[in-house]
Structures are given as structure tokens and as C-alpha cells.
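Student: See query_13.txt below, with compact mmCIF, C-alpha atoms.
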# COMPACT_ATOMS: atom_id res chain seq x y z
CA MET M 27 0.00 0.00 0.00
CA GLN M 28 1.59 3.27 -1.12
CA ILE M 29 2.79 5.45 1.74
CA GLY M 30 2.66 9.24 1.74
CA ILE M 31 -0.80 9.57 0.18
CA TYR M 32 -4.48 9.30 1.09
CA HIS M 33 -6.44 6.09 0.58
CA GLU M 34 -10.16 5.30 0.59
CA LEU M 35 -10.32 2.09 2.62
CA LYS M 36 -13.04 -0.15 3.99
CA VAL M 37 -13.28 -0.89 7.72
CA LEU M 38 -12.76 -4.68 7.91
CA ARG M 39 -12.77 -5.48 11.61
CA THR M 40 -12.34 -4.13 15.11
CA THR M 41 -9.46 -5.19 17.37
CA SER M 42 -8.14 -4.18 20.78
CA VAL M 43 -5.48 -1.98 19.16
CA GLY M 44 -7.64 -0.31 16.51
CA LEU M 45 -9.48 -0.88 13.24
CA TYR M 46 -8.11 -2.88 10.35
CA LEU M 47 -8.81 -1.28 6.99
CA GLY M 48 -8.54 -2.87 3.57
CA ASN M 49 -8.52 -2.09 -0.15
CA GLU M 50 -9.78 -3.96 -3.21
CA ALA M 51 -6.32 -5.47 -3.76
CA GLY M 52 -6.63 -7.41 -0.52
CA GLU M 53 -4.11 -5.28 1.40
CA ASP M 54 -4.94 -4.32 4.96
CA ILE M 55 -3.53 -1.81 7.42
CA LEU M 56 -4.06 -0.80 11.04
CA LEU M 57 -5.75 2.44 12.06
CA PRO M 58 -4.64 2.73 15.73
CA ASN M 59 -7.28 3.50 18.34
CA LYS M 60 -6.00 7.04 18.89
CA PHE M 61 -6.88 7.91 15.27
CA VAL M 62 -10.28 6.16 15.18
CA LEU M 63 -13.19 8.59 14.92
CA ALA M 64 -16.29 7.88 16.99
CA HIS M 65 -18.60 7.26 14.01
CA PHE M 66 -16.35 4.71 12.26
CA LYS M 67 -17.91 1.25 12.01
CA VAL M 68 -17.35 -2.02 10.12
CA ASP M 69 -17.99 -1.76 6.35
CA ASP M 70 -17.60 2.04 6.33
CA LEU M 71 -15.39 3.60 3.66
CA VAL M 72 -12.95 5.98 5.33
CA ARG M 73 -10.30 8.35 4.00
CA VAL M 74 -6.95 7.96 5.75
CA PHE M 75 -3.33 8.92 5.23
CA VAL M 76 -0.73 6.12 5.18
CA TYR M 77 2.84 6.45 6.47
CA LEU M 78 5.50 4.45 8.33
CA ASP M 79 5.34 4.55 12.13
CA SER M 80 8.34 4.63 14.47
CA ASP M 81 8.82 0.90 13.97
CA GLU M 82 8.86 1.36 10.17
CA ARG M 83 5.48 -0.34 9.78
CA PRO M 84 2.81 1.03 7.42
CA VAL M 85 0.02 2.54 9.49
CA ALA M 86 -3.06 4.67 8.78
CA THR M 87 -4.02 7.94 10.43
CA THR M 88 -6.86 10.44 10.34
CA GLN M 89 -4.37 13.24 11.02
CA ILE M 90 -4.12 15.72 8.14
CA PRO M 91 -0.51 16.13 6.94
CA GLU M 92 0.81 19.49 5.78
CA ILE M 93 2.55 17.84 2.83
CA GLU M 94 2.02 14.69 0.76
CA LEU M 95 4.23 12.48 -1.39
CA ASN M 96 5.83 14.37 -4.31
CA GLN M 97 4.66 17.73 -3.00
CA PHE M 98 6.28 20.94 -1.79
CA GLY M 99 5.58 22.75 1.45
CA PHE M 100 6.97 25.13 4.06
CA LEU M 101 7.62 23.15 7.25
CA GLU M 102 9.05 24.00 10.67
CA VAL M 103 12.21 22.37 12.01
CA ALA M 104 11.27 20.60 15.25
CA SER M 105 14.74 19.34 16.17
CA VAL M 106 18.17 18.50 14.80
CA GLY M 107 19.76 15.09 15.36
CA PRO M 108 22.83 13.10 14.31
CA VAL M 109 21.32 12.14 10.93
CA GLY M 110 19.61 15.39 9.98
CA ALA M 111 16.75 17.72 10.85
CA PHE M 112 13.25 16.64 11.79
CA LEU M 113 10.24 18.61 10.61
CA ASN M 114 6.76 19.06 12.01
CA TRP M 115 4.14 18.10 9.41
CA ASN M 116 1.07 17.37 11.60
CA ILE M 117 1.84 13.63 11.73
CA ASP M 118 3.00 11.88 14.92
CA LYS M 119 6.28 10.76 13.35
CA GLN M 120 8.38 13.76 12.30
CA LEU M 121 9.75 14.06 8.77
CA LEU M 122 13.50 13.66 8.27
CA VAL M 123 15.67 15.94 6.13
CA PRO M 124 19.04 14.17 5.94
CA PHE M 125 22.11 16.43 6.06
CA GLN M 126 22.84 15.66 2.41
CA GLU M 127 19.42 17.03 1.46
CA GLN M 128 19.97 20.37 3.22
CA LYS M 129 21.24 23.49 1.48
CA SER M 130 22.63 24.82 4.75
CA LYS M 131 22.48 23.43 8.26
CA MET M 132 18.92 23.71 9.52
CA GLN M 133 18.16 25.11 12.96
CA GLU M 134 15.27 24.39 15.31
CA GLY M 135 12.35 26.79 14.80
CA GLU M 136 13.22 27.70 11.21
CA TYR M 137 10.80 27.22 8.34
CA HIS M 138 12.09 25.74 5.10
CA LEU M 139 10.64 24.96 1.71
CA VAL M 140 11.00 21.21 1.17
CA TYR M 141 9.89 18.48 -1.20
CA MET M 142 8.75 15.10 0.16
CA PHE M 143 9.73 11.92 -1.69
CA GLU M 144 10.08 8.23 -0.96
CA ASP M 145 13.73 7.27 -0.56
CA GLU M 146 14.53 4.42 -2.95
CA GLN M 147 16.99 2.76 -0.57
CA THR M 148 15.12 3.00 2.72
CA GLN M 149 11.52 3.22 1.39
CA ARG M 150 10.96 5.96 3.95
CA LEU M 151 9.27 9.29 3.44
CA THR M 152 12.06 11.86 3.27
CA ALA M 153 12.22 15.61 2.71
CA SER M 154 14.72 17.64 0.71
CA ALA M 155 15.49 21.34 0.92
CA LYS M 156 17.26 21.03 -2.45
CA TRP M 157 13.87 21.41 -4.02
CA GLU M 158 15.03 22.80 -7.37
CA LYS M 159 16.06 19.32 -8.56
CA PHE M 160 12.41 18.24 -8.42
CA ILE M 161 11.22 21.01 -10.76
CA SER M 162 10.31 19.98 -14.31
CA LYS M 163 10.59 21.97 -17.53
CA ASP M 164 8.50 19.53 -19.55
CA THR M 165 5.31 21.56 -19.99
CA SER M 166 4.03 19.53 -22.96
CA ALA M 167 0.88 18.47 -21.10
CA LEU M 168 -0.06 22.08 -20.25
CA LYS M 169 -1.82 24.78 -22.26
CA ASP M 170 -2.69 28.43 -21.83
CA LEU M 171 -5.61 29.17 -19.47
CA ASP M 172 -5.32 25.79 -17.72
CA GLU M 173 -6.49 25.92 -14.10
CA VAL M 174 -3.61 25.07 -11.76
CA GLN M 175 -2.72 24.98 -8.08
CA VAL M 176 0.12 27.22 -6.94
CA LEU M 177 2.28 27.54 -3.83
CA ILE M 178 3.60 31.09 -3.29
CA LEU M 179 7.36 31.10 -2.68
CA GLY M 180 7.94 34.81 -2.24
CA GLU M 181 7.92 38.30 -3.67
CA THR M 182 10.33 39.76 -6.24
CA PRO M 183 10.49 43.17 -7.93
CA LEU M 184 8.48 41.67 -10.82
CA GLY M 185 5.83 39.89 -8.79
CA TYR M 186 5.37 36.57 -7.00
CA THR M 187 7.34 33.39 -7.66
CA CYS M 188 5.42 30.17 -7.21
CA ILE M 189 5.49 26.43 -7.72
CA VAL M 190 2.74 25.26 -10.05
CA ASN M 191 1.03 21.87 -9.59
CA HIS M 192 3.99 20.78 -7.40
CA LEU M 193 6.07 20.45 -10.56
CA PHE M 194 6.78 23.72 -12.42
CA MET M 195 8.10 27.19 -11.70
CA GLY M 196 5.83 30.15 -12.27
CA LEU M 197 5.76 33.92 -11.94
CA ALA M 198 2.70 36.06 -11.30
CA TYR M 199 3.52 39.58 -12.46
CA ARG M 200 2.64 42.36 -10.05
CA ASN M 201 1.06 44.55 -12.74
CA GLU M 202 -1.31 41.72 -13.73
CA ASN M 203 -2.26 40.32 -10.31
CA PHE M 204 -3.85 42.29 -7.53
CA LYS M 205 -4.87 39.64 -5.03
CA GLU M 206 -3.06 39.88 -1.70
CA VAL M 207 -0.94 36.77 -1.18
CA GLY M 208 1.93 35.78 1.06
CA THR M 209 4.71 33.21 1.23
CA GLY M 210 3.29 29.74 1.79
CA ASP M 211 -0.19 30.55 0.49
CA ARG M 212 -1.83 27.95 -1.73
CA LEU M 213 -4.45 28.99 -4.26
CA THR M 214 -6.10 28.20 -7.55
CA ALA M 215 -4.67 30.13 -10.49
CA TYR M 216 -4.46 30.05 -14.29
CA ILE M 217 -1.69 29.77 -16.86
CA LYS M 218 -1.40 32.95 -18.88
CA GLN M 219 1.56 31.81 -20.97
CA ILE M 220 4.00 28.92 -21.22
CA ARG M 221 7.48 30.31 -21.81
CA PRO M 222 10.19 28.65 -23.96
CA ASP M 223 12.36 28.11 -20.86
CA GLY M 224 9.69 25.89 -19.30
CA LYS M 225 8.52 28.49 -16.79
CA LEU M 226 4.93 29.68 -16.56
CA ASP M 227 3.36 33.12 -16.41
CA ILE M 228 0.53 32.90 -13.90
CA LEU M 229 -2.71 34.79 -13.31
CA PHE M 230 -4.49 34.61 -9.97
CA GLN M 231 -7.77 35.34 -11.73
CA LYS M 232 -9.16 33.77 -14.89
CA PRO M 233 -9.08 36.27 -17.77
CA GLY M 234 -12.03 37.15 -19.96
CA VAL M 235 -15.74 37.17 -19.17
CA ASP M 236 -15.33 35.10 -16.00
CA ALA M 237 -12.93 37.68 -14.58
CA ILE M 238 -15.32 40.53 -15.34
CA GLU M 239 -18.13 38.69 -13.58
CA MET M 240 -15.94 37.94 -10.55
CA ASN M 241 -14.86 41.58 -10.30
CA ALA M 242 -18.45 42.75 -10.67
CA GLU M 243 -19.57 40.44 -7.87
CA ARG M 244 -16.71 41.70 -5.67
CA ILE M 245 -17.78 45.31 -6.26
CA LEU M 246 -21.41 44.45 -5.44
CA ASN M 247 -20.35 42.79 -2.19
CA ILE M 248 -18.24 45.80 -1.20
CA LEU M 249 -21.13 48.13 -2.01
CA ARG M 250 -23.47 46.12 0.20
CA LYS M 251 -20.97 46.21 3.08
CA ASN M 252 -20.47 49.99 2.69
CA GLY M 253 -24.06 51.15 2.80
CA GLY M 254 -24.51 51.01 -0.96
CA PHE M 255 -21.85 53.56 -1.91
CA LEU M 256 -18.24 53.28 -3.10
CA ALA M 257 -16.10 56.38 -3.58
CA PHE M 258 -14.38 55.19 -6.76
CA HIS M 259 -15.04 56.19 -10.34
CA ASP M 260 -13.29 56.15 -13.72
CA LYS M 261 -11.04 59.07 -12.70
CA SER M 262 -9.94 57.55 -9.39
CA ASP M 263 -6.26 56.85 -8.74
CA SER M 264 -5.18 53.48 -10.16
CA LYS M 265 -3.14 52.51 -7.10
CA GLU M 266 -5.98 53.30 -4.72
CA ILE M 267 -8.27 51.04 -6.75
CA GLN M 268 -5.67 48.26 -6.76
CA ASP M 269 -5.03 48.53 -3.01
CA SER M 270 -8.71 48.68 -2.04
CA LEU M 271 -10.36 46.39 -4.57
CA GLN M 272 -7.50 44.10 -5.61
CA MET M 273 -8.10 44.69 -9.30
CA SER M 274 -6.63 46.97 -11.92
CA LYS M 275 -8.33 50.22 -12.87
CA LYS M 276 -9.02 48.73 -16.31
CA ALA M 277 -10.73 45.72 -14.74
CA PHE M 278 -12.68 48.04 -12.43
CA LYS M 279 -13.97 50.12 -15.32
CA ARG M 280 -15.05 47.01 -17.22
CA ALA M 281 -16.84 45.63 -14.19
CA ILE M 282 -18.74 48.83 -13.35
CA GLY M 283 -19.62 49.20 -17.03
CA GLY M 284 -21.30 45.82 -16.93
CA LEU M 285 -23.07 46.59 -13.65
CA TYR M 286 -24.31 49.91 -15.05
CA LYS M 287 -25.71 48.24 -18.18
CA GLN M 288 -27.57 45.79 -15.93
CA LYS M 289 -28.91 48.79 -13.97
CA LEU M 290 -27.44 47.40 -10.77
CA ILE M 291 -25.55 50.61 -10.00
CA ALA M 292 -25.84 54.32 -10.60
CA LEU M 293 -22.82 56.40 -11.59
CA GLU M 294 -22.42 59.57 -9.54
CA GLU M 295 -19.82 62.34 -9.56
CA GLU M 296 -18.19 61.10 -6.34
CA GLY M 297 -18.47 57.36 -6.95
CA ILE M 298 -20.89 54.54 -7.63
CA ARG M 299 -24.11 53.74 -5.79
CA LEU M 300 -26.03 50.51 -5.52
CA ASN M 301 -29.53 50.86 -6.92
CA GLU M 302 -31.96 50.47 -4.02
CA LYS M 303 -34.35 48.18 -5.89
CA LYS M 304 -31.47 45.75 -6.41
Just give me the structure as C-alpha cells.
Tutor:
Amino acid sequence: MQIGIYHELKVLRTTSVGLYLGNEAGEDILLPNKFVLAHFKVDDLVRVFVYLDSDERPVATTQIPEIELNQFGFLEVASVGPVGAFLNWNIDKQLLVPFQEQKSKMQEGEYHLVYMFEDEQTQRLTASAKWEKFISKDTSALKDLDEVQVLILGETPLGYTCIVNHLFMGLAYRNENFKEVGTGDRLTAYIKQIRPDGKLDILFQKPGVDAIEMNAERILNILRKNGGFLAFHDKSDSKEIQDSLQMSKKAFKRAIGGLYKQKLIALEEEGIRLNEKK
């Protein structure tokens, strides 16, 4: 049974030490009593995470790990031992980063970006801070406007660097993305462009009609929260619009144009007002 991932397993039987769960291949695994939820019963299908316990035996848990097999994540160093650093990842057994997989010596309390893989020699779940070697440039299966999952790595003068689908490097340009994000955030995004070097240009918001509708709905929600009035109009400062509404002035003008055509708002000299009947 593959470790490091979630499995949907059937409750086979109850024992003094926990529940035994099984899959269609005939494999079974123990879910120790401390992880058994009160409503679990024989024949239920349950979703559990599988890993190796302290005795190197496969075991199931209902704990929710912060990282899964072949994924990236920012994890805290819990301690440092003779073989490497041990990370907290919301699982009872801490995750090892061997010294050879560290860029620099890790210290307790630090947070590091790591990639979790299954070591071929030991068959143990292992983390590496040398995460760049797990990045792919083969983007042949991707296309523009694909929906993707991104992990924000940090901010640069151009925008936000991110890891896309736990496999590719991406950049969300500041002048095209106005959503507030921070290091370690995970969110749904979209591919704007696949570059020749294998890196991806990323948009936090889907372009086109969907984006206009999302921006329009955001403006309506803000209007409702502000007594039906918003002190922005087509001559307002671009940066103030970006900071307050998390959209460009161009996107704002398109959105209020659509709302005005639908007679949902009225345009006034000092801003926009929600029509009372709406």
C-alpha cells in the first residue's frame, strides 16, 4: 500500500489496538485506536493517510498532513539530530531531512521549503530542501488558461514566484495580479503563458468574461458592506483602486460598465451607488 498519500479504505474489523482497513487489492492496514473517529464502524469507507510509524510499519491515520508524497511545502524544524533535521508536518512521526538534502544546516524553529519523496533505498518518506532538482521543464501536457494549483514562494520586484502543480516554476507579475498573497499561500490560479524556458506566467484570476463577472460580484459585495456607496469612479487613482479592490483600474472600469448596463448601480460624480431596488 503506497505510503505518503491518502487512501479510501473499507473498515474490515475491530481489534483491541484499533481498526483494520482494507482495499480492493486485498491489502490491509491498522488504524490505531488514537486515530479512530467515533462514528467509524465495520464496512464504512474511510479516507486515511498512510505512512510508516516509528517501527517502520505502514500505518493509517486520520491526522491531516501538511505535505504529501511528491509535494512541496513550508515546514518548521522541530529538532536536529545526528542524521539530519526533523520537521513538524502534523503527523506523529516527524519528517527527516538528511544532512545531504539540506542546502545549509537547519536550525530548530526555522521554516524551510521542502519536497517530500520516498527514498529508494530505505523506502521511507524523506524531505529535501534542495527542491530545485524536483522542478520539471516539460510543460508539454499544459496549455494556456489551464487551471492550476500554486504555492507562493515569495515576492520579487516583478511579482510573486510560485510552484505550479507541485512540478513547475511560475511567476505572477505584479502589474497583472492584484490579489493579496503571502509566502506559503496555496491557491487556484491560471496559466497565462508557457514560456520557452519551461517556466509559466501565472494569473491569480481567470481572464475574460469570467474575470469581469468575478470583479463585478466583488464590487457588489463591497457596495453592500459599505451602505450602498463606493467612492471610486473612472477618474480615481489606479493605485488606490488596486489597493482597495485588488483589481486593476481597467478591470474596475469594465466591471462597473457591466453593472451599469444591468442597472445594478448608478454612476455619480463622487463614486458609484447601488440601486436600491437591487
Student: Would you mind telling me which residue in M:Lys205, M:Lys225, M:Arg83, M:His192 lies nearest to Ser270 of chain M when using all atoms listed in the file?
Tutor: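 Closest to Ser270 of chain M of all the choices is M:Lys205.
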Student: Would you pick out the contacts of segment 279-294 of chain M at 6 Å or less, using all atoms listed in the file, so that residues sharing its chain but fewer than 3 positions from it are not included, and give the list as a list in words?
Tutor: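 With the cut-off at 6 Å, the set is Ile238, Asn241, Ala242, Lys276, Gly297, Ile298, Arg299, Leu300 and Asn301 of chain M.
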Student: Taking into account all atoms listed in the file, which residue in the set M:Val106, M:Met240, M:Val174, M:Ala155 is nearest to Glu127 of chain M?
Tutor: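 So, comparing all the options, the nearest one is M:Ala155.
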Student: Residues at most 7 Å from segment 91-96 of chain M, counting only C-alpha atoms, excluding those fewer than 5 positions away in the same chain, as a list in words?
Tutor: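 Listing them by chain and then by number gives Gly30, Ile31, Trp115, Asn116, Ile117, Tyr141, Met142 and Phe143 of chain M.
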Student: Is there a way to get, as a PyMOL selection string, all residues within 9 Å of the point (-4.6, 7.3, 2.0) in file coordinates, counting all atoms listed in the file?
Tutor: chain M and resi 27-35+73-77+86-87
Student: Could you write those residues out with C-alpha atoms, as a short mmCIF file (atom, residue, chain, number, x, y, z; two decimals), in the frame of the given file?
Tutor:
data_model
loop_
_atom_site.label_atom_id
_atom_site.label_comp_id
_atom_site.auth_asym_id
_atom_site.auth_seq_id
_atom_site.Cartn_x
_atom_site.Cartn_y
_atom_site.Cartn_z
CA MET M 27 0.00 0.00 0.00
CA GLN M 28 1.59 3.27 -1.12
CA ILE M 29 2.79 5.45 1.74
CA GLY M 30 2.66 9.24 1.74
CA ILE M 31 -0.80 9.57 0.18
CA TYR M 32 -4.48 9.30 1.09
CA HIS M 33 -6.44 6.09 0.58
CA GLU M 34 -10.16 5.30 0.59
CA LEU M 35 -10.32 2.09 2.62
CA ARG M 73 -10.30 8.35 4.00
CA VAL M 74 -6.95 7.96 5.75
CA PHE M 75 -3.33 8.92 5.23
CA VAL M 76 -0.73 6.12 5.18
CA TYR M 77 2.84 6.45 6.47
CA ALA M 86 -3.06 4.67 8.78
CA THR M 87 -4.02 7.94 10.43
#
Student: Return the single residue from M:Ala215, M:Gly208, M:Glu302, M:Arg39 that is closest to Arg250 of chain M, with distances computed using only C-alpha atoms.
Tutor: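 Checking each candidate against Arg250 of chain M, we get M:Glu302 as the closest.
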Student: Compare M:Glu202, M:Glu102, M:Asp69, M:Asp118 by their minimum atom-to-atom distance to Val85 of chain M, counting only C-alpha atoms, and give me the closest one.
Tutor: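 Of the candidates, the smallest distance to Val85 of chain M is held by M:Asp118.
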Student: Between M:Asn59, M:Ser105, M:Gln147, M:Thr40, which residue has the minimum interatomic distance to Lys131 of chain M, considering all atoms listed in the file?
Tutor: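 Of all the options, M:Ser105 lies closest to Lys131 of chain M.
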Student: Which value, in Å to one decimal, gives the distance between atom CA of Gly210 of chain M and atom CA of Leu121 of chain M?
Tutor: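 Atom-to-atom, atom CA of Gly210 of chain M to atom CA of Leu121 of chain M, that is 18.3 Å.
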Student: Which residue, M:Lys156, M:Leu63, M:Ala104, M:Gln149, has the smallest gap to Glu136 of chain M when you use all atoms listed in the file?
Tutor: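 Once distances to Glu136 of chain M are computed over all atoms listed in the file, the minimum belongs to M:Ala104.
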Student: To one decimal place, how far is atom CA of Ser154 of chain M from atom CA of Val123 of chain M in Å?
Tutor: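 Computed distance, atom CA of Ser154 of chain M to atom CA of Val123 of chain M, equals 5.8 Å.
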Student: Could you jot down the atom CA of Thr182 of chain M to atom CA of Leu229 of chain M separation for me, Å, one decimal place?
Tutor: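 Computed distance, atom CA of Thr182 of chain M to atom CA of Leu229 of chain M, equals 15.6 Å.
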Student: Find the residues near Val176 of chain M: any atom within 7 Å, counting all atoms listed in the file, skip ones fewer than 6 places away on the same chain, and give them as a list of chain:residue names.
Tutor: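 Residues near the query, excluding close chain neighbours: M:Cys188, M:Ile189, M:Val190, M:Asn191, M:Arg212, M:Leu213, M:Thr214, M:Ala215.
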Student: Anything within 8 Å of (-12.0, 50.2, -9.2): list those residues as a VMD selection string, counting all atoms listed in the file and sticking to the file's coordinates.
Tutor: chain M and resid 258 to 260 262 264 267 to 268 271 273 to 279
Student: Print the selection's residues with C-alpha atoms to a file, as a short mmCIF file (atom, residue, chain, number, x, y, z; two decimals), in the coordinates of the input.
Tutor:
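Just written: out-v7.cif:
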data_model
loop_
_atom_site.label_atom_id
_atom_site.label_comp_id
_atom_site.auth_asym_id
_atom_site.auth_seq_id
_atom_site.Cartn_x
_atom_site.Cartn_y
_atom_site.Cartn_z
CA PHE M 258 -14.38 55.19 -6.76
CA HIS M 259 -15.04 56.19 -10.34
CA ASP M 260 -13.29 56.15 -13.72
CA SER M 262 -9.94 57.55 -9.39
CA SER M 264 -5.18 53.48 -10.16
CA ILE M 267 -8.27 51.04 -6.75
CA GLN M 268 -5.67 48.26 -6.76
CA LEU M 271 -10.36 46.39 -4.57
CA MET M 273 -8.10 44.69 -9.30
CA SER M 274 -6.63 46.97 -11.92
CA LYS M 275 -8.33 50.22 -12.87
CA LYS M 276 -9.02 48.73 -16.31
CA ALA M 277 -10.73 45.72 -14.74
CA PHE M 278 -12.68 48.04 -12.43
CA LYS M 279 -13.97 50.12 -15.32
#
Student: What's the 8 Å shell around Pro124 of chain M, counting only C-alpha atoms, without same-chain residues fewer than 3 positions away, as a short mmCIF file (atom, residue, chain, number, x, y, z; two decimals) with C-alpha atoms, in the frame of the given file?
Tutor:
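Saved file out_4.cif follows:
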data_model
loop_
_atom_site.label_atom_id
_atom_site.label_comp_id
_atom_site.auth_asym_id
_atom_site.auth_seq_id
_atom_site.Cartn_x
_atom_site.Cartn_y
_atom_site.Cartn_z
CA VAL M 109 21.32 12.14 10.93
CA GLY M 110 19.61 15.39 9.98
CA ALA M 111 16.75 17.72 10.85
CA GLU M 127 19.42 17.03 1.46
CA GLN M 128 19.97 20.37 3.22
CA THR M 152 12.06 11.86 3.27
CA ALA M 153 12.22 15.61 2.71
CA SER M 154 14.72 17.64 0.71
#
Student: Find the spatial neighbours of Glu158 of chain M, counting only C-alpha atoms, within a cut-off of 10 Å - ignore same-chain residues fewer than 4 positions away - and output them as number ranges by chain.
Tutor: M: 140-141, 154, 162, 193-195
Student: Take every atom of segment 145-164 of chain M listed in the file, fit an axis-aligned box around them, add 4 Å per side, and give the centre and edge lengths in Å to one decimal as AutoDock Vina command-line options.
Tutor:
--center_x 12.9 --center_y 12.8 --center_z -7.8 --size_x 16.8 --size_y 28.0 --size_z 31.5
